[in-house]
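*Asks:* For reference, the file structure-v9.cif (mmCIF, C-alpha atoms) is included below:
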```
data_data
#
loop_
_atom_site.label_atom_id
_atom_site.label_comp_id
_atom_site.auth_asym_id
_atom_site.auth_seq_id
_atom_site.Cartn_x
_atom_site.Cartn_y
_atom_site.Cartn_z
CA MET A 162 25.60 35.40 -265.33
CA ARG A 163 26.69 32.47 -263.22
CA LEU A 164 29.06 34.72 -261.24
CA ILE A 165 26.17 37.10 -260.51
CA SER A 166 24.02 34.16 -259.38
CA VAL A 167 26.77 32.92 -257.02
CA ALA A 168 27.26 36.43 -255.61
CA PHE A 169 23.52 36.82 -255.06
CA SER A 170 23.31 33.42 -253.32
CA PHE A 171 26.26 34.30 -251.09
CA ALA A 172 24.69 37.64 -250.18
CA PHE A 173 21.33 35.98 -249.49
CA ILE A 174 22.90 33.34 -247.23
CA THR A 175 24.89 36.04 -245.38
CA ILE A 176 21.72 38.06 -244.80
CA LEU A 177 19.91 34.94 -243.54
CA ILE A 178 22.75 34.18 -241.09
CA TYR A 179 22.74 37.71 -239.66
CA ALA A 180 18.94 37.76 -239.56
CA TRP A 181 18.96 34.49 -237.61
CA ARG A 182 21.56 35.83 -235.19
CA LEU A 183 19.52 39.00 -234.67
CA LEU A 184 16.31 37.01 -234.11
CA ASN A 185 18.12 34.75 -231.66
CA TRP A 186 19.56 37.75 -229.77
CA VAL A 187 16.36 39.79 -229.50
CA TRP A 188 13.78 37.00 -229.04
CA LEU A 189 14.65 33.28 -229.15
CA ARG A 190 17.53 33.35 -226.66
CA PRO A 191 15.77 35.62 -224.10
CA LYS A 192 12.62 33.47 -224.21
CA LYS A 193 14.66 30.30 -223.71
CA LEU A 194 16.42 31.84 -220.70
CA GLU A 195 13.07 33.02 -219.32
CA ARG A 196 11.59 29.50 -219.52
CA CYS A 197 14.60 28.08 -217.68
CA LEU A 198 14.27 30.66 -214.88
CA ARG A 199 10.51 30.17 -214.48
CA GLN A 200 10.99 26.39 -214.26
CA GLN A 201 13.05 27.11 -211.13
CA SER A 202 10.18 29.10 -209.56
CA LEU A 203 11.79 32.47 -210.31
CA THR A 204 9.29 35.16 -211.29
CA GLY A 205 9.38 38.51 -213.07
CA ASN A 206 7.89 40.46 -215.96
CA SER A 207 7.52 38.64 -219.26
CA TYR A 208 10.22 39.55 -221.74
CA ARG A 209 9.37 42.52 -223.95
CA LEU A 210 11.07 42.71 -227.31
CA LEU A 211 14.54 44.29 -227.17
CA HIS A 212 14.02 46.82 -224.37
CA GLY A 213 12.87 44.38 -221.63
CA ASP A 214 12.17 46.49 -218.52
CA PHE A 215 14.24 49.50 -219.61
CA LYS A 216 11.27 51.76 -220.38
CA GLU A 217 9.55 51.14 -217.06
CA MET A 218 12.89 51.37 -215.25
CA SER A 219 13.72 54.74 -216.85
CA ARG A 220 10.24 56.07 -216.09
CA MET A 221 10.51 55.09 -212.41
CA ILE A 222 13.99 56.59 -212.05
CA LYS A 223 12.84 59.85 -213.64
CA GLU A 224 9.81 60.02 -211.36
CA ALA A 225 11.74 59.07 -208.20
CA THR A 226 14.48 61.65 -208.78
CA SER A 227 12.08 64.48 -209.67
CA ARG A 228 11.63 65.57 -206.05
CA PRO A 229 13.45 65.29 -202.70
CA ILE A 230 12.34 62.97 -199.92
CA SER A 231 12.10 63.29 -196.15
CA LEU A 232 15.05 62.24 -193.98
CA SER A 233 12.79 59.54 -192.53
CA ASP A 234 11.80 58.13 -195.94
CA ASP A 235 13.21 54.89 -197.31
CA ILE A 236 15.97 55.87 -199.76
CA VAL A 237 15.73 52.54 -201.62
CA GLN A 238 12.62 53.77 -203.41
CA ARG A 239 14.60 56.73 -204.75
CA VAL A 240 17.97 55.11 -205.45
CA GLN A 241 16.75 51.80 -206.93
CA PRO A 242 13.02 52.26 -207.52
CA PHE A 243 12.60 49.52 -210.11
CA PHE A 244 14.51 46.80 -208.22
CA ASP A 245 12.53 47.75 -205.09
CA HIS A 246 9.25 47.61 -207.03
CA SER A 247 10.12 44.27 -208.64
CA ILE A 248 11.04 42.58 -205.36
CA LYS A 249 7.91 43.88 -203.65
CA LYS A 250 5.81 42.58 -206.56
CA TYR A 251 7.50 39.24 -207.23
CA GLY A 252 9.50 38.52 -204.07
CA LYS A 253 13.21 38.06 -203.50
CA ASN A 254 13.39 35.09 -205.89
CA SER A 255 12.77 37.18 -208.99
CA PHE A 256 14.40 38.60 -212.10
CA VAL A 257 14.28 41.78 -214.18
CA TRP A 258 15.19 42.50 -217.79
CA LEU A 259 18.07 44.75 -218.84
CA GLY A 260 17.27 44.74 -222.53
CA PRO A 261 17.31 41.14 -223.80
CA LYS A 262 19.25 39.88 -220.75
CA PRO A 263 17.46 38.53 -217.66
CA VAL A 264 19.02 39.67 -214.37
CA VAL A 265 18.41 37.38 -211.39
CA ASN A 266 18.21 39.03 -207.96
CA ILE A 267 20.40 37.25 -205.41
CA MET A 268 19.64 38.30 -201.83
CA GLU A 269 20.68 35.24 -199.80
CA PRO A 270 24.03 35.98 -198.07
CA GLU A 271 25.28 32.41 -198.57
CA LEU A 272 24.74 32.64 -202.33
CA ILE A 273 26.26 36.14 -202.44
CA ARG A 274 29.36 34.80 -200.72
CA ASP A 275 29.55 31.94 -203.24
CA ILE A 276 29.34 34.36 -206.18
CA PHE A 277 32.03 36.67 -204.79
CA LEU A 278 34.40 33.77 -204.09
CA LYS A 279 33.91 32.34 -207.61
CA HIS A 280 34.95 35.61 -209.22
CA ASN A 281 36.43 33.87 -212.26
CA THR A 282 33.06 32.23 -212.98
CA PHE A 283 30.84 35.22 -212.24
CA GLN A 284 32.58 38.14 -213.88
CA LYS A 285 31.69 41.76 -214.40
CA PRO A 286 29.63 42.40 -217.52
CA LEU A 287 31.31 43.72 -220.63
CA PRO A 288 31.22 47.49 -220.05
CA HIS A 289 28.90 49.90 -221.80
CA PRO A 290 30.92 51.63 -224.57
CA VAL A 291 30.72 54.92 -222.66
CA ARG A 292 31.56 53.28 -219.33
CA LYS A 293 34.80 52.01 -220.87
CA LEU A 294 36.00 55.60 -220.68
CA LEU A 295 35.70 55.45 -216.90
CA VAL A 296 36.83 51.95 -215.91
CA LEU A 297 40.00 51.15 -217.76
CA GLY A 298 41.77 50.35 -214.49
CA ILE A 299 41.91 47.20 -212.40
CA ALA A 300 38.14 47.22 -211.77
CA ALA A 301 37.55 46.41 -215.45
CA LEU A 302 40.08 43.56 -215.66
CA GLU A 303 39.41 39.83 -215.28
CA GLY A 304 41.40 36.60 -215.00
CA GLU A 305 45.19 36.63 -215.05
CA GLN A 306 45.35 40.31 -216.03
CA TRP A 307 43.42 41.24 -212.90
CA SER A 308 45.43 38.86 -210.69
CA ASN A 309 48.79 40.27 -211.80
CA ARG A 310 47.68 43.89 -211.46
CA ARG A 311 46.07 43.26 -208.07
CA LYS A 312 49.29 41.81 -206.63
CA ILE A 313 51.13 44.97 -207.55
CA ILE A 314 48.47 47.35 -206.24
CA ASN A 315 48.01 45.44 -202.96
CA GLN A 316 51.54 46.45 -201.97
CA ALA A 317 50.75 50.15 -202.39
CA PHE A 318 47.64 49.88 -200.16
CA HIS A 319 49.21 47.80 -197.40
CA LEU A 320 48.29 49.23 -193.98
CA GLU A 321 51.93 50.00 -193.13
CA LYS A 322 52.28 52.05 -196.32
CA LEU A 323 49.01 53.83 -195.62
CA LYS A 324 50.47 55.04 -192.33
CA ASN A 325 53.14 56.84 -194.34
CA MET A 326 50.36 58.71 -196.17
CA VAL A 327 48.91 60.23 -193.00
CA SER A 328 50.80 63.50 -193.52
CA ALA A 329 49.36 63.78 -197.05
CA PHE A 330 45.85 63.10 -195.68
CA GLN A 331 46.33 65.78 -193.05
CA LEU A 332 47.65 68.34 -195.51
CA SER A 333 44.74 67.84 -197.93
CA CYS A 334 42.19 67.97 -195.10
CA SER A 335 43.86 71.08 -193.69
CA ASP A 336 43.63 72.80 -197.06
CA MET A 337 39.92 71.93 -197.26
CA VAL A 338 39.17 73.18 -193.74
CA HIS A 339 41.14 76.37 -194.42
CA GLN A 340 38.90 77.04 -197.44
CA TRP A 341 35.86 76.61 -195.19
CA GLU A 342 37.26 79.08 -192.65
CA LYS A 343 37.47 81.72 -195.38
CA LYS A 344 33.69 81.39 -195.87
CA LEU A 345 32.83 82.23 -192.24
CA SER A 346 30.96 85.38 -191.41
CA GLU A 347 31.90 87.72 -188.54
CA ASP A 348 29.99 85.61 -186.02
CA GLY A 349 32.06 82.55 -186.99
CA SER A 350 29.34 80.67 -188.84
CA CYS A 351 28.24 80.06 -192.42
CA GLU A 352 26.05 77.89 -194.59
CA LEU A 353 28.13 75.75 -196.94
CA ASP A 354 27.54 72.98 -199.45
CA ILE A 355 30.35 70.66 -198.36
CA TRP A 356 29.76 68.04 -201.08
CA PRO A 357 32.06 69.55 -203.78
CA TYR A 358 34.86 69.82 -201.20
CA LEU A 359 34.45 66.19 -200.10
CA GLU A 360 34.33 65.08 -203.74
CA ASN A 361 37.66 66.78 -204.39
CA LEU A 362 39.30 65.54 -201.19
CA THR A 363 40.04 61.97 -202.30
CA GLY A 364 41.49 63.08 -205.63
CA ASP A 365 43.53 65.65 -203.75
CA VAL A 366 45.00 63.04 -201.38
CA ILE A 367 45.80 60.60 -204.21
CA SER A 368 47.38 63.43 -206.18
CA ARG A 369 49.70 64.21 -203.26
CA THR A 370 50.63 60.58 -202.58
CA ALA A 371 50.84 59.28 -206.15
CA PHE A 372 52.07 62.27 -208.14
CA GLY A 373 54.38 63.84 -205.57
CA SER A 374 55.98 66.90 -207.13
CA ASN A 375 53.50 66.65 -210.04
CA TYR A 376 50.67 67.32 -207.58
CA GLU A 377 48.92 69.96 -209.70
CA GLU A 378 48.99 67.65 -212.74
CA GLY A 379 47.35 64.95 -210.62
CA ARG A 380 44.61 67.34 -209.52
CA ARG A 381 43.94 68.30 -213.12
CA ILE A 382 43.55 64.62 -214.10
CA PHE A 383 41.01 63.97 -211.32
CA GLN A 384 39.02 67.06 -212.27
CA LEU A 385 38.87 65.83 -215.86
CA GLN A 386 37.76 62.36 -214.71
CA LYS A 387 34.99 63.89 -212.61
CA GLU A 388 33.67 65.82 -215.60
CA GLN A 389 33.98 62.70 -217.77
CA ALA A 390 31.91 60.70 -215.28
CA ARG A 391 29.19 63.36 -215.20
CA LEU A 392 28.91 63.39 -218.99
CA ALA A 393 29.06 59.59 -219.26
CA VAL A 394 26.14 59.13 -216.86
CA ARG A 395 24.05 61.56 -218.91
CA VAL A 396 24.71 59.44 -221.99
CA MET A 397 24.09 56.06 -220.32
CA ARG A 398 20.79 57.22 -218.89
CA SER A 399 19.20 57.03 -222.26
CA VAL A 400 17.71 53.96 -220.75
CA TYR A 401 24.85 60.86 -198.48
CA VAL A 402 25.37 60.25 -196.11
CA PRO A 403 22.81 60.97 -193.33
CA GLY A 404 23.93 63.68 -191.01
CA TRP A 405 24.96 63.07 -187.50
CA ARG A 406 26.09 65.65 -184.96
CA CYS A 407 29.18 65.23 -182.79
CA HIS A 408 30.26 67.71 -180.15
CA GLU A 409 33.58 66.46 -178.87
CA LYS A 410 37.02 66.29 -180.37
CA MET A 411 37.89 62.78 -181.49
CA GLN A 412 40.40 61.13 -179.16
CA GLU A 413 41.90 57.64 -179.29
CA ASN A 414 39.10 56.22 -177.16
CA HIS A 415 36.56 57.63 -179.61
CA LEU A 416 37.90 55.75 -182.63
CA LYS A 417 35.68 52.75 -181.96
CA ILE A 418 32.56 54.95 -181.92
CA VAL A 419 33.62 56.70 -185.11
CA THR A 420 34.20 53.33 -186.81
CA MET A 421 30.75 52.18 -185.69
CA ILE A 422 29.23 55.34 -187.17
CA PHE A 423 31.05 54.91 -190.48
CA HIS A 424 29.99 51.26 -190.73
CA GLU A 425 26.37 52.19 -190.11
CA VAL A 426 26.53 54.99 -192.68
CA LEU A 427 28.02 52.56 -195.21
CA ARG A 428 25.25 50.09 -194.42
CA LEU A 429 22.48 52.61 -195.02
CA TYR A 430 24.23 54.49 -197.83
CA PRO A 431 26.66 52.09 -199.58
CA PRO A 432 28.87 53.75 -202.23
CA VAL A 433 27.34 51.53 -204.94
CA SER A 434 23.70 50.44 -204.70
CA VAL A 435 23.84 47.29 -206.86
CA LEU A 436 26.54 45.08 -208.39
CA ILE A 437 25.97 43.16 -211.62
CA ARG A 438 27.76 39.95 -212.58
CA SER A 439 27.53 37.98 -215.84
CA VAL A 440 27.27 34.24 -216.40
CA PHE A 441 29.48 33.37 -219.38
CA ALA A 442 29.17 29.58 -218.94
CA ASP A 443 26.32 27.47 -217.51
CA SER A 444 26.79 27.51 -213.73
CA GLN A 445 25.24 26.41 -210.48
CA VAL A 446 24.64 28.81 -207.56
CA GLY A 447 23.08 27.00 -204.64
CA ARG A 448 19.89 25.47 -206.00
CA LEU A 449 19.86 27.75 -209.06
CA TYR A 450 21.04 26.64 -212.49
CA LEU A 451 22.05 29.73 -214.46
CA GLN A 452 22.66 29.49 -218.19
CA ASN A 453 25.17 31.42 -220.25
CA GLY A 454 23.62 34.82 -221.01
CA VAL A 455 21.97 35.36 -217.63
CA GLN A 456 23.16 38.17 -215.39
CA ILE A 457 23.13 38.37 -211.59
CA ALA A 458 22.17 41.40 -209.50
CA LEU A 459 23.56 41.80 -206.00
CA PRO A 460 21.36 44.69 -204.75
CA ILE A 461 23.62 45.92 -201.95
CA ILE A 462 21.28 48.62 -200.70
CA LEU A 463 18.32 46.23 -200.50
CA ILE A 464 20.37 43.63 -198.63
CA HIS A 465 21.76 46.27 -196.24
CA HIS A 466 18.16 47.37 -195.50
CA ASP A 467 16.68 43.86 -195.26
CA GLN A 468 14.76 43.38 -192.00
CA ASP A 469 15.14 39.59 -192.25
CA ILE A 470 18.89 40.12 -191.81
CA TRP A 471 19.21 43.30 -189.73
CA GLY A 472 16.02 43.22 -187.67
CA GLU A 473 13.02 45.52 -187.43
CA ASP A 474 15.24 48.62 -187.15
CA ALA A 475 17.06 47.81 -190.40
CA LYS A 476 16.11 51.16 -191.97
CA GLU A 477 17.07 53.18 -188.88
CA PHE A 478 20.43 54.76 -188.09
CA ASN A 479 21.78 52.68 -185.20
CA PRO A 480 25.60 52.50 -184.96
CA GLU A 481 25.29 50.37 -181.81
CA ARG A 482 24.62 47.33 -184.01
CA PHE A 483 28.37 47.45 -184.85
CA SER A 484 29.53 47.83 -181.22
CA GLU A 485 31.12 44.36 -181.27
CA GLY A 486 32.43 44.60 -184.84
CA VAL A 487 31.10 43.67 -188.25
CA SER A 488 31.15 39.88 -187.74
CA LYS A 489 28.87 40.12 -184.69
CA ALA A 490 26.58 42.61 -186.42
CA VAL A 491 25.96 40.31 -189.39
CA LYS A 492 25.57 37.26 -187.14
CA ASN A 493 25.60 34.16 -189.34
CA HIS A 494 25.28 36.08 -192.60
CA GLN A 495 28.89 36.74 -193.58
CA ALA A 496 28.11 38.37 -196.92
CA SER A 497 25.25 40.61 -195.80
CA PHE A 498 27.46 43.69 -195.29
CA PHE A 499 29.66 44.46 -198.27
CA PRO A 500 29.89 48.21 -199.00
CA PHE A 501 33.31 47.61 -200.60
CA GLY A 502 32.52 44.21 -202.11
CA TYR A 503 33.61 40.85 -200.71
CA GLY A 504 36.13 38.09 -201.30
CA PRO A 505 39.25 38.29 -203.49
CA ARG A 506 37.92 41.30 -205.42
CA ILE A 507 37.05 43.41 -202.39
CA CYS A 508 37.91 47.06 -203.05
CA VAL A 509 41.66 47.47 -202.67
CA GLY A 510 41.16 51.05 -201.49
CA GLN A 511 38.79 50.38 -198.57
CA ASN A 512 41.44 50.98 -195.86
CA PHE A 513 42.57 54.10 -197.73
CA ALA A 514 38.97 55.40 -197.79
CA MET A 515 38.30 54.65 -194.11
CA MET A 516 41.56 56.28 -192.98
CA GLU A 517 40.84 59.35 -195.08
CA ALA A 518 37.30 59.63 -193.67
CA LYS A 519 38.47 59.34 -190.06
CA ILE A 520 41.22 61.93 -190.44
CA ALA A 521 38.88 64.31 -192.27
CA LEU A 522 36.20 64.00 -189.59
CA ALA A 523 38.73 64.50 -186.79
CA MET A 524 40.14 67.66 -188.38
CA ILE A 525 36.67 69.06 -189.10
CA LEU A 526 35.50 68.47 -185.52
CA GLN A 527 38.61 70.16 -184.14
CA ARG A 528 37.52 73.39 -185.82
CA PHE A 529 33.75 73.26 -186.30
CA SER A 530 30.45 72.09 -184.98
CA PHE A 531 27.82 71.55 -187.64
CA GLU A 532 24.19 70.72 -188.35
CA LEU A 533 22.03 70.27 -191.42
CA SER A 534 20.97 73.53 -193.04
CA PRO A 535 17.23 74.22 -193.46
CA SER A 536 17.99 74.54 -197.19
CA TYR A 537 19.25 70.95 -197.40
CA ALA A 538 17.08 68.76 -199.66
CA HIS A 539 17.44 65.03 -199.02
CA ALA A 540 17.82 63.52 -202.47
CA PRO A 541 20.27 60.59 -202.79
CA ILE A 542 20.81 59.63 -206.42
CA ASN A 543 22.88 57.16 -208.44
CA VAL A 544 25.68 58.83 -210.43
CA ILE A 545 28.03 55.84 -210.68
CA THR A 546 27.99 56.04 -206.85
CA ILE A 547 25.26 57.25 -204.48
CA GLN A 548 25.50 61.03 -204.18
CA PRO A 549 23.36 63.93 -202.90
CA GLN A 550 21.51 65.26 -205.95
CA TYR A 551 21.29 68.83 -204.65
CA GLY A 552 24.44 68.95 -202.53
CA ALA A 553 24.98 68.66 -198.76
CA GLN A 554 24.33 72.02 -197.14
CA LEU A 555 25.48 72.42 -193.52
CA ILE A 556 25.55 75.23 -191.00
CA LEU A 557 29.16 75.42 -189.79
CA ARG A 558 30.16 77.12 -186.52
CA LYS A 559 33.79 77.80 -185.71
CA HIS A 560 35.26 76.62 -182.39
CA TYR A 561 37.14 79.37 -180.54
#
```
Go ahead and express the file in the form of structure tokens.
*Replies:*
Amino acid sequence: MRLISVAFSFAFITILIYAWRLLNWVWLRPKKLERCLRQQSLTGNSYRLLHGDFKEMSRMIKEATSRPISLSDDIVQRVQPFFDHSIKKYGKNSFVWLGPKPVVNIMEPELIRDIFLKHNTFQKPLPHPVRKLLVLGIAALEGEQWSNRRKIINQAFHLEKLKNMVSAFQLSCSDMVHQWEKKLSEDGSCELDIWPYLENLTGDVISRTAFGSNYEEGRRIFQLQKEQARLAVRVMRSVYVPGWRCHEKMQENHLKIVTMIFHEVLRLYPPVSVLIRSVFADSQVGRLYLQNGVQIALPIILIHHDQDIWGEDAKEFNPERFSEGVSKAVKNHQASFFPFGYGPRICVGQNFAMMEAKIALAMILQRFSFELSPSYAHAPINVITIQPQYGAQLILRKHY
């Protein structure tokens, strides 16, 4: 009888401990963090049990992505409708709720720079169980593991080594363009959704450079990863690039203009629309005191479109703003343009991506002129990265 009593007491105490932990996780801790944020003049919705802002966020995303927009419309309202809504309602010094975690918007370039430089303090959140399937590489690592891996990978992406990959870039681009030529009608033109081809191009180049003779095996791996990403986004959701027309073959003296165009495209349409960082120990960022459990949002697309930083034409396509380079374009705001991140954890593949894009554009313009098809529907959407929801249909015309 005594043994039964002890067992019952042990079970009761265990249940109480887990009940307390659950209560703390879903209510007490979030409310404590909320009070701390509001004491610092940060504003946002009041915490709602467990789901926070998820329901409203999901509703807005579903509504925003239900129809295309005009080329002149602000894409922020489609790509990040809830963050856009929250900042318009509460201002830049605000927070949102991802479940029981408050996420503080950081839009001041000086604070963004501080966060990127203190990458060991402000780390990436623990990945969603499904997202783990997609980010088991260096992007998911932290601390010494990341440092050691980064040193090794940096060598592979050194600019001198990238020059040795030019032939692989050209071969992959040539294969892609050759596929397009097969689609041409007798008058040398066709309508083509180029997005699937551009999606495959990067994997194709990496397959050639990294897998060598096992090129086909590399292609198969990237195709599987693409399908995995598509399925993963569908699970996680249970909570383009604007066209420009060029008419001349790219020569050496055109490289500066092409770089300006790419920078402006990356400003308006960054690959990733928002970066999230977690606070695992009480920390100071500028005037803000952030407790363990808070998360930080760096809304790239909102910062890249901010008129306080970029001027009244911030939402317009104007490559001339980069005519004297990135540093002049951002003026005194060093961390206001970061399509590939910033600081020690800046994307190791940014030079690879820019070289690939320039070579691809040059080879396309050697063979074709192009313009947007009337069937193109402007519908940028978040699928890990910003992508065209309904493809990118162009009218291609062959040069003879």
*Asks:* Determine the nearest neighbour of Tyr208 (chain A) from the options A:Leu451, A:Ala496, A:Leu194, A:Cys351, counting all atoms listed in the file.
*Replies:*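 Ranking A:Leu451, A:Ala496, A:Leu194, A:Cys351 by distance to Tyr208 (chain A), first place goes to A:Leu194.
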*Asks:* List the residues matched by the PyMOL selection byres ((chain A and resi 281) around 12) in the displayed structure as a VMD selection string, ordered by chain and then by residue number.
*Replies:* chain A and resid 275 to 280 282 to 285 302 to 308 438 to 442 444 504 to 506
*Asks:* So the first atom is CA of Cys197 (chain A) and the second is CA of Pro460 (chain A); what is the distance between them in Å, to one decimal place?
*Replies:*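 That distance, rounded to one decimal, is 22.1 Å.
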*Asks:* Could you expand the PyMOL selection byres ((chain A and resi 517) around 9) into the explicit residues it covers here, written as a VMD selection string?
*Replies:* chain A and resid 327 330 to 331 334 362 to 363 366 512 to 516 518 to 522
*Asks:* Mind pulling up the distance from CA of Val509 (chain A) to CA of Arg482 (chain A)?
*Replies:*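 Distance reported for this atom pair: 25.3 Å.
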*Asks:* Take CA of Pro286 (chain A) and CA of Ala458 (chain A) and report the distance between them in Å, one decimal.
*Replies:* 11.0 Å
*Asks:* Report, as AutoDock Vina command-line options, the centre and edge lengths in Å (one decimal) of the axis-aligned box enclosing every listed atom of region 168-182 of chain A, padded by 8 Å on each side.
*Replies:*
```
--center_x 23.1 --center_y 35.7 --center_z -245.4 --size_x 24.3 --size_y 20.7 --size_z 36.4
```
*Asks:* With a cut-off of 7 Å, could you pull out the residues of region 464-543 of chain A touching region 239-257 of chain A and give me the nearest pair of atoms for each, distance in Å to one decimal, using all atoms listed in the file, ordered by chain and ascending number, as a tab-separated table?
*Replies:*
```
residue	atom	partner	partner_atom	distance
A:Pro541	CA	A:Val240	CA	6.5
A:Ile542	CA	A:Val240	CA	5.4
A:Asn543	CA	A:Val240	CA	6.1
```
*Asks:* For Val491 (chain A), work out the shell of residues within 8 Å, counting all atoms listed in the file and skipping chain neighbours fewer than 4 positions away, then give it as a PyMOL selection string.
*Replies:* chain A and resi 470-471+487+495+497-498
*Asks:* Here's the selection I'm unsure about, the PyMOL selection byres ((chain A and resi 447) around 12); applied to the file above, which residues does it give, as a ChimeraX atom specification?
*Replies:* /A:201,267,269-276,444-446,448-451
*Asks:* Identify, on the basis of all atoms listed in the file, every residue whose closest approach to Ala317 (chain A) does not exceed 12 Å; exclude the query and any residue fewer than 5 positions from it along the same chain; express the result as a PyMOL selection string.
*Replies:* chain A and resi 310-312+322-326+367+370-371+509-510+512-513
